[in-house]
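What follows is the content of final_3.txt (compact mmCIF, C-alpha atoms).
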# COMPACT_ATOMS: atom_id res chain seq x y z
CA PHE A 232 2.21 -26.98 25.48
CA GLN A 233 4.28 -23.85 26.08
CA LEU A 234 7.31 -24.52 28.24
CA LYS A 235 9.68 -21.92 29.69
CA TYR A 236 12.49 -22.33 32.22
CA VAL A 237 11.81 -26.05 32.56
CA SER A 238 14.51 -28.69 32.94
CA GLY A 239 14.35 -32.45 33.44
CA LEU A 240 10.89 -32.89 31.91
CA ARG A 241 10.12 -36.01 29.89
CA LEU A 242 6.79 -36.55 28.12
CA THR A 243 5.88 -40.10 27.08
CA SER A 244 2.97 -41.98 25.50
CA LEU A 245 1.19 -38.80 24.49
CA MET A 246 -0.81 -37.62 21.48
CA LEU A 247 -1.29 -33.94 20.61
CA SER A 248 -2.91 -32.63 17.43
CA ASN A 249 -4.99 -29.90 15.79
CA ALA A 250 -3.37 -27.02 17.67
CA TYR A 251 -1.66 -23.83 16.59
CA MET A 252 1.54 -25.51 17.81
CA ASN A 253 1.94 -28.73 19.82
CA LEU A 254 5.07 -27.81 21.76
CA HIS A 255 6.88 -24.49 22.18
CA ALA A 256 9.96 -24.67 24.41
CA GLU A 257 12.27 -21.82 25.35
CA ASN A 258 14.99 -21.56 28.02
CA CYS A 259 14.52 -25.23 28.84
CA GLY A 260 17.60 -27.08 30.06
CA TYR A 261 16.22 -30.46 28.98
CA VAL A 262 12.92 -31.67 27.55
CA GLY A 263 12.46 -35.22 26.28
CA LEU A 264 9.71 -36.57 24.05
CA ASP A 265 9.41 -40.35 23.82
CA ARG A 266 6.64 -42.33 22.13
CA VAL A 267 4.61 -39.25 21.32
CA ARG A 268 2.47 -38.49 18.27
CA LEU A 269 2.31 -34.87 17.20
CA GLY A 270 0.85 -33.16 14.17
CA TYR A 271 -1.92 -31.45 12.25
CA CYS A 272 -0.83 -28.04 13.56
CA ALA A 273 -1.41 -24.65 11.99
CA THR A 274 2.32 -23.84 12.22
CA ASN A 275 5.11 -26.05 13.61
CA ALA A 276 4.46 -29.24 15.51
CA VAL A 277 7.54 -28.56 17.67
CA PHE A 278 9.44 -25.30 18.18
CA ALA A 279 12.75 -25.39 20.08
CA GLY A 280 13.85 -21.91 21.06
CA VAL A 281 16.75 -20.21 22.79
CA ASN A 282 18.70 -22.09 25.48
CA THR A 283 16.72 -25.28 24.93
CA ARG A 284 17.82 -28.89 24.61
CA LEU A 285 15.17 -31.17 23.16
CA ASP A 286 15.46 -34.95 22.66
CA VAL A 287 12.84 -36.67 20.50
CA SER A 288 12.77 -40.47 20.26
CA HIS A 289 10.42 -43.22 19.05
CA SER A 290 7.91 -40.58 18.00
CA LEU A 291 5.74 -39.65 15.04
CA ILE A 292 5.54 -36.04 13.83
CA GLU A 293 3.35 -35.48 10.80
CA GLN A 294 1.20 -33.21 8.67
CA SER A 295 1.64 -29.83 10.27
CA LEU A 296 1.19 -26.90 7.93
CA PHE A 297 4.68 -25.48 8.47
CA ASN A 298 7.49 -27.57 9.96
CA GLY A 299 7.64 -30.80 11.89
CA ILE A 300 10.48 -29.60 14.13
CA GLN A 301 12.02 -26.13 14.04
CA ALA A 302 15.38 -25.64 15.72
CA SER A 303 15.85 -21.92 16.32
CA THR A 304 18.91 -19.99 17.48
CA GLY A 305 20.28 -21.27 20.76
CA SER A 306 18.59 -24.69 20.64
CA THR A 307 19.97 -28.22 20.37
CA VAL A 308 17.62 -30.91 19.09
CA LYS A 309 18.28 -34.65 18.91
CA ILE A 310 15.98 -36.70 16.68
CA VAL A 311 16.58 -40.45 17.07
CA ASN A 312 14.45 -43.38 15.87
CA ASP A 313 11.55 -41.20 14.79
CA LEU A 314 9.19 -40.86 11.86
CA LEU A 315 8.69 -37.37 10.42
CA ARG A 316 6.48 -37.17 7.36
CA ASP A 317 4.43 -34.92 5.15
CA ASN A 318 4.86 -31.64 7.01
CA GLY A 319 3.88 -28.56 5.00
CA ARG A 320 7.33 -27.06 4.42
CA ALA A 321 9.90 -29.31 6.08
CA ASN A 322 10.31 -32.17 8.50
CA VAL A 323 13.32 -30.48 10.10
CA CYS A 324 13.84 -26.71 9.79
CA LEU A 325 17.06 -25.07 10.94
CA GLN A 326 16.69 -21.43 11.91
CA GLY A 327 19.98 -20.93 13.67
CA GLY A 328 19.80 -24.01 15.90
CA ASN A 329 21.64 -27.32 16.02
CA ALA A 330 20.07 -30.66 15.14
CA GLU A 331 21.20 -34.27 15.11
CA VAL A 332 19.13 -36.84 13.19
CA LYS A 333 19.88 -40.58 13.39
CA ASN A 334 18.06 -43.86 12.72
CA SER A 335 14.95 -41.99 11.58
CA ILE A 336 12.51 -42.09 8.68
CA LEU A 337 11.92 -38.75 6.97
CA GLU A 338 9.39 -38.45 4.17
CA ALA A 339 8.40 -35.42 2.10
CA VAL A 340 5.72 -35.62 -0.57
CA GLY A 341 4.78 -32.96 -3.12
CA SER A 342 6.04 -29.68 -4.50
CA GLN A 343 7.50 -27.16 -2.03
CA GLN A 344 8.07 -29.81 0.65
CA TYR A 345 11.51 -30.59 2.02
CA VAL A 346 13.08 -33.12 4.34
CA TYR A 347 15.55 -30.51 5.62
CA TYR A 348 15.15 -26.74 5.26
CA TYR A 349 17.65 -24.03 6.17
CA ALA A 350 15.66 -20.91 7.01
CA ASN A 351 18.83 -19.45 8.47
CA THR A 352 22.21 -20.74 9.50
CA GLY A 353 22.35 -23.84 11.64
CA THR A 354 24.28 -27.04 12.21
CA LEU A 355 22.97 -30.42 11.14
CA VAL A 356 24.53 -33.81 11.91
CA SER A 357 22.62 -36.60 10.19
CA ASP A 358 23.22 -40.20 9.16
CA TYR A 359 21.69 -43.69 9.01
CA ASN A 360 18.30 -42.28 8.06
CA ASN A 361 15.75 -43.39 5.49
CA ILE A 362 15.06 -40.28 3.40
CA ARG A 363 12.28 -40.14 0.80
CA ALA A 364 11.39 -37.04 -1.24
CA THR A 365 8.74 -37.87 -3.84
CA ASP A 366 6.23 -36.22 -6.18
CA GLY A 367 8.28 -33.06 -6.59
CA ALA A 368 9.58 -32.75 -3.03
CA ASN A 369 13.27 -32.10 -2.29
CA VAL A 370 15.65 -33.52 0.27
CA ARG A 371 17.15 -30.12 1.08
CA GLY A 372 16.05 -26.54 0.54
CA GLY A 373 16.58 -23.19 2.11
CA THR A 374 16.85 -19.45 1.77
CA GLY A 375 19.21 -18.74 -1.12
CA LEU A 376 20.02 -22.45 -1.61
CA THR A 377 19.57 -24.52 -4.74
CA PRO A 378 17.21 -27.38 -3.84
CA ALA A 379 18.76 -30.83 -3.52
CA ARG A 380 16.28 -33.10 -5.26
CA PHE A 381 17.66 -36.53 -4.40
CA LEU A 382 19.64 -37.90 -1.49
CA ILE A 383 22.78 -38.03 -3.66
CA ASP A 384 22.38 -34.30 -4.43
CA TRP A 385 22.17 -33.54 -0.72
CA GLN A 386 25.20 -35.72 0.02
CA ILE A 387 27.27 -34.02 -2.68
CA SER A 388 26.25 -30.55 -1.48
CA THR A 389 27.66 -31.38 1.97
CA ALA A 390 30.84 -32.96 0.57
CA PHE A 391 29.51 -36.23 2.00
CA SER A 392 29.57 -34.94 5.57
CA ASN A 393 25.84 -35.62 6.06
CA ASP A 394 23.75 -38.74 5.54
CA VAL A 395 26.61 -40.61 3.86
CA SER A 396 25.23 -43.94 5.16
CA SER A 397 21.57 -42.98 4.69
CA PHE A 398 19.26 -44.47 2.07
CA GLY A 399 15.93 -43.90 0.37
CA TYR A 400 13.79 -47.02 0.28
CA GLU A 401 10.05 -47.36 0.65
CA ALA A 402 9.76 -47.99 4.36
CA GLY A 403 7.56 -51.06 4.14
CA PHE A 404 5.13 -50.17 6.92
CA ALA A 405 2.55 -52.72 8.02
CA ASN A 406 -0.34 -50.31 7.43
CA ALA A 407 0.61 -46.64 7.17
CA ASP A 408 -2.92 -45.56 6.27
CA GLY A 409 -4.17 -47.26 9.42
CA GLY A 410 -1.45 -45.77 11.62
CA ASP A 411 0.62 -48.95 12.00
CA PHE A 412 4.26 -48.07 11.37
CA HIS A 413 5.80 -51.39 12.36
CA LEU A 414 8.13 -52.60 9.62
CA LYS A 415 7.02 -55.61 7.60
CA SER A 416 9.01 -58.79 8.21
CA THR A 417 8.50 -62.36 7.07
CA ASN A 418 10.45 -63.35 10.18
CA GLY A 419 8.07 -61.71 12.64
CA ARG A 420 6.30 -58.36 13.04
CA TYR A 421 4.52 -57.12 16.13
CA ASP A 422 0.78 -56.85 15.55
CA ALA A 423 -0.68 -54.06 17.65
CA VAL A 424 -4.18 -55.53 17.54
CA SER A 425 -3.39 -59.04 18.76
CA GLY A 426 -0.37 -58.04 20.86
CA VAL A 427 1.80 -60.84 19.44
CA PHE A 428 4.30 -61.28 16.64
CA VAL A 429 2.88 -62.50 13.34
CA THR A 430 4.66 -64.07 10.37
CA ASN A 431 2.15 -63.51 7.58
CA ASP A 432 4.02 -60.70 5.80
CA VAL A 433 5.11 -61.53 2.26
CA GLU A 434 8.02 -59.07 2.26
CA THR A 435 10.63 -57.72 4.65
CA SER A 436 11.45 -54.03 5.03
CA ARG A 437 14.97 -53.04 4.08
CA LEU A 438 15.10 -50.72 7.09
CA ILE A 439 15.53 -53.65 9.46
CA ASP A 440 19.14 -53.71 10.76
CA LEU A 441 20.14 -50.51 8.92
CA GLY A 442 20.66 -48.22 11.93
CA THR A 443 24.00 -46.93 13.13
CA GLN A 444 26.47 -49.53 14.36
CA THR A 445 28.55 -47.30 16.65
CA GLY A 446 28.01 -44.53 19.16
CA PRO A 447 25.24 -43.74 21.63
CA TYR A 448 22.37 -44.64 19.26
CA ALA A 449 23.57 -48.13 18.28
CA ASP A 450 22.00 -50.09 21.16
CA TYR A 451 19.75 -52.89 19.86
CA THR A 452 19.52 -55.03 23.00
CA ASN A 453 15.84 -54.27 23.61
CA GLU A 454 14.91 -55.80 20.26
CA PRO A 455 13.63 -59.41 20.35
CA ALA A 456 15.62 -62.25 18.78
CA GLU A 457 16.38 -62.60 15.95
CA ASN A 458 17.59 -59.01 15.98
CA GLY A 459 20.56 -59.22 13.63
CA GLY A 460 22.89 -57.58 16.13
CA ARG A 461 21.96 -54.15 14.79
CA ILE A 462 19.28 -51.58 15.54
CA ASN A 463 16.33 -51.09 13.19
CA VAL A 464 15.59 -47.70 11.65
CA GLY A 465 12.29 -46.09 12.58
CA VAL A 466 9.98 -45.65 15.55
CA TYR A 467 10.36 -49.17 16.95
CA GLY A 468 14.12 -49.54 16.73
CA ASN A 469 15.60 -50.88 20.00
CA THR A 470 12.18 -51.62 21.48
CA ALA A 471 10.36 -54.85 22.30
CA GLU A 472 8.15 -54.22 19.25
CA ALA A 473 11.02 -54.11 16.74
CA SER A 474 10.45 -56.25 13.66
CA LYS A 475 12.60 -59.38 13.53
CA SER A 476 15.68 -59.91 11.39
CA PRO A 477 16.45 -62.76 8.98
CA PRO A 478 18.21 -65.75 10.54
CA ALA A 479 21.95 -65.37 10.98
CA GLY A 480 23.89 -65.99 7.80
CA THR A 481 20.98 -65.29 5.45
CA GLY A 482 21.31 -61.51 5.08
CA ILE A 483 21.77 -59.71 1.76
CA ILE A 484 23.91 -56.85 0.52
CA VAL A 485 21.85 -53.63 0.57
CA PRO A 486 22.87 -50.67 -1.64
CA LEU A 487 22.73 -47.34 0.20
CA THR A 488 23.99 -44.71 -2.24
CA MET A 489 21.37 -43.60 -4.80
CA SER A 490 18.78 -46.03 -3.47
CA ASP A 491 16.19 -43.31 -4.16
CA GLY A 492 17.53 -42.45 -7.64
CA GLY A 493 19.47 -39.43 -8.90
CA THR A 494 22.48 -38.77 -11.11
CA ILE A 495 26.16 -39.27 -10.35
CA ARG A 496 28.47 -36.40 -11.29
CA ASN A 497 32.24 -36.66 -11.44
CA THR A 498 33.66 -39.05 -8.80
CA VAL A 499 31.30 -40.35 -6.12
CA GLU A 500 31.96 -42.91 -3.40
CA MET A 501 29.35 -45.68 -3.37
CA HIS A 502 28.20 -47.32 -0.13
CA TRP A 503 26.66 -50.71 0.61
CA THR A 504 25.89 -52.55 3.81
CA TYR A 505 25.25 -56.16 4.79

Output the file's structure in the form of structure tokens.
Amino acid sequence: FQLKYVSGLRLTSLMLSNAYMNLHAENCGYVGLDRVRLGYCATNAVFAGVNTRLDVSHSLIEQSLFNGIQASTGSTVKIVNDLLRDNGRANVCLQGGNAEVKNSILEAVGSQQYVYYYANTGTLVSDYNNIRATDGANVRGGTGLTPARFLIDWQISTAFSNDVSSFGYEAGFANADGGDFHLKSTNGRYDAVSGVFVTNDVETSRLIDLGTQTGPYADYTNEPAENGGRINVGVYGNTAEASKSPPAGTGIIVPLTMSDGGTIRNTVEMHWTY
């Protein structure tokens, strides 16, 4: 798709792959992507250009050779309750644009891959995300920047202004290899094949009930009971297919800071949640 001078367009329940680029938007007042699957592109899966506002929610963006989403000068991109993984350079690339990332899962695997990459200046607001950089990947990189290997390195480099309440656990997908990104839960997980909730999981994902608790992305009311009174992280947060929470009063304390490893230097504030 190449969009120019479009406003008020929302694309839902769509799959695009194996293109030079899935979506190129410029001079677009508003474009929304909801429940879309994009990837396997020769360059970027999504390019947001000048004078463009792009909202991406409940979507999967994966395995493009360059970036998952590139926010270029003059663009504003909101990434909420998404899964971005294994894109060739970065899941989110800032090239002069503005991006907000909340309640999302971002995974980078292998040398020269990054969760966030600054190809130029840009503004990033990010928190309550599950961030995994493994097998030589880095959380943050960029032109002239020292790579931030672990989440704690990225947090320190921003003076704890970004991803302070984010974490780095294995997501606990039902069947990632088979394309099922529902979170495992012993209390009930939606099974896409049978169309009902099943309780045969032997473990529960730590990403259940770890989304933001305040602001415009905190709504959890579309999640089935038990929902823990808090939105899940990932593609199915605040949807009818959200994995179920433990019964009230049985939750555990979950460490956030350094949940993916790393080294503490000097004085660092540690964060937990319940």

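If all atoms listed in the file are the atoms counted, then among A:Ala479, A:Ala449, A:Val323, A:Ile387 the closest residue to A:Gly373 is A:Val323.
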
- So how far away is atom CA of A:Ser244 from atom CA of A:Arg268, in Å? 8.0 Å

- Message: With distances taken over all atoms listed in the file, which residue among A:Asp384, A:Glu434, A:Glu457, A:Glu472 lies nearest A:Asp411?
- Response: A:Glu472

- Long-range neighbours of stretch 487-501 of chain A as an NGL selection string, 12 Å cut-off, all atoms listed in the file, 5 positions minimum in chain: :A and (338 or 358-365 or 369-370 or 379-388 or 390-391 or 394-402 or 437-438 or 441-442)

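Proximity ranking of A:Asn282, A:Asn469, A:Asn393, A:Ser474 relative to A:Phe428 places A:Ser474 first, based on only C-alpha atoms.
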
- Anything within 9 Å of (21.5, -23.5, 17.1): list those residues as a ChimeraX atom specification, counting only C-alpha atoms and sticking to the file's coordinates. /A:280-282,302-308,325-330,352-354

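Taking all atoms listed in the file, the non-local environment of A:Pro455 within 10 Å (same-chain residues fewer than 4 positions away omitted) comprises A:Gly419, A:Tyr451, A:Gly459, A:Asn469, A:Thr470, A:Ala471, A:Glu472, A:Ala473, A:Ser474, A:Lys475, A:Ser476.
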
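Restricting the calculation to only C-alpha atoms, the smallest distance between A:Arg420 and any of A:Asn334, A:Asn458, A:Ser392, A:Ser342 is found for A:Asn458.
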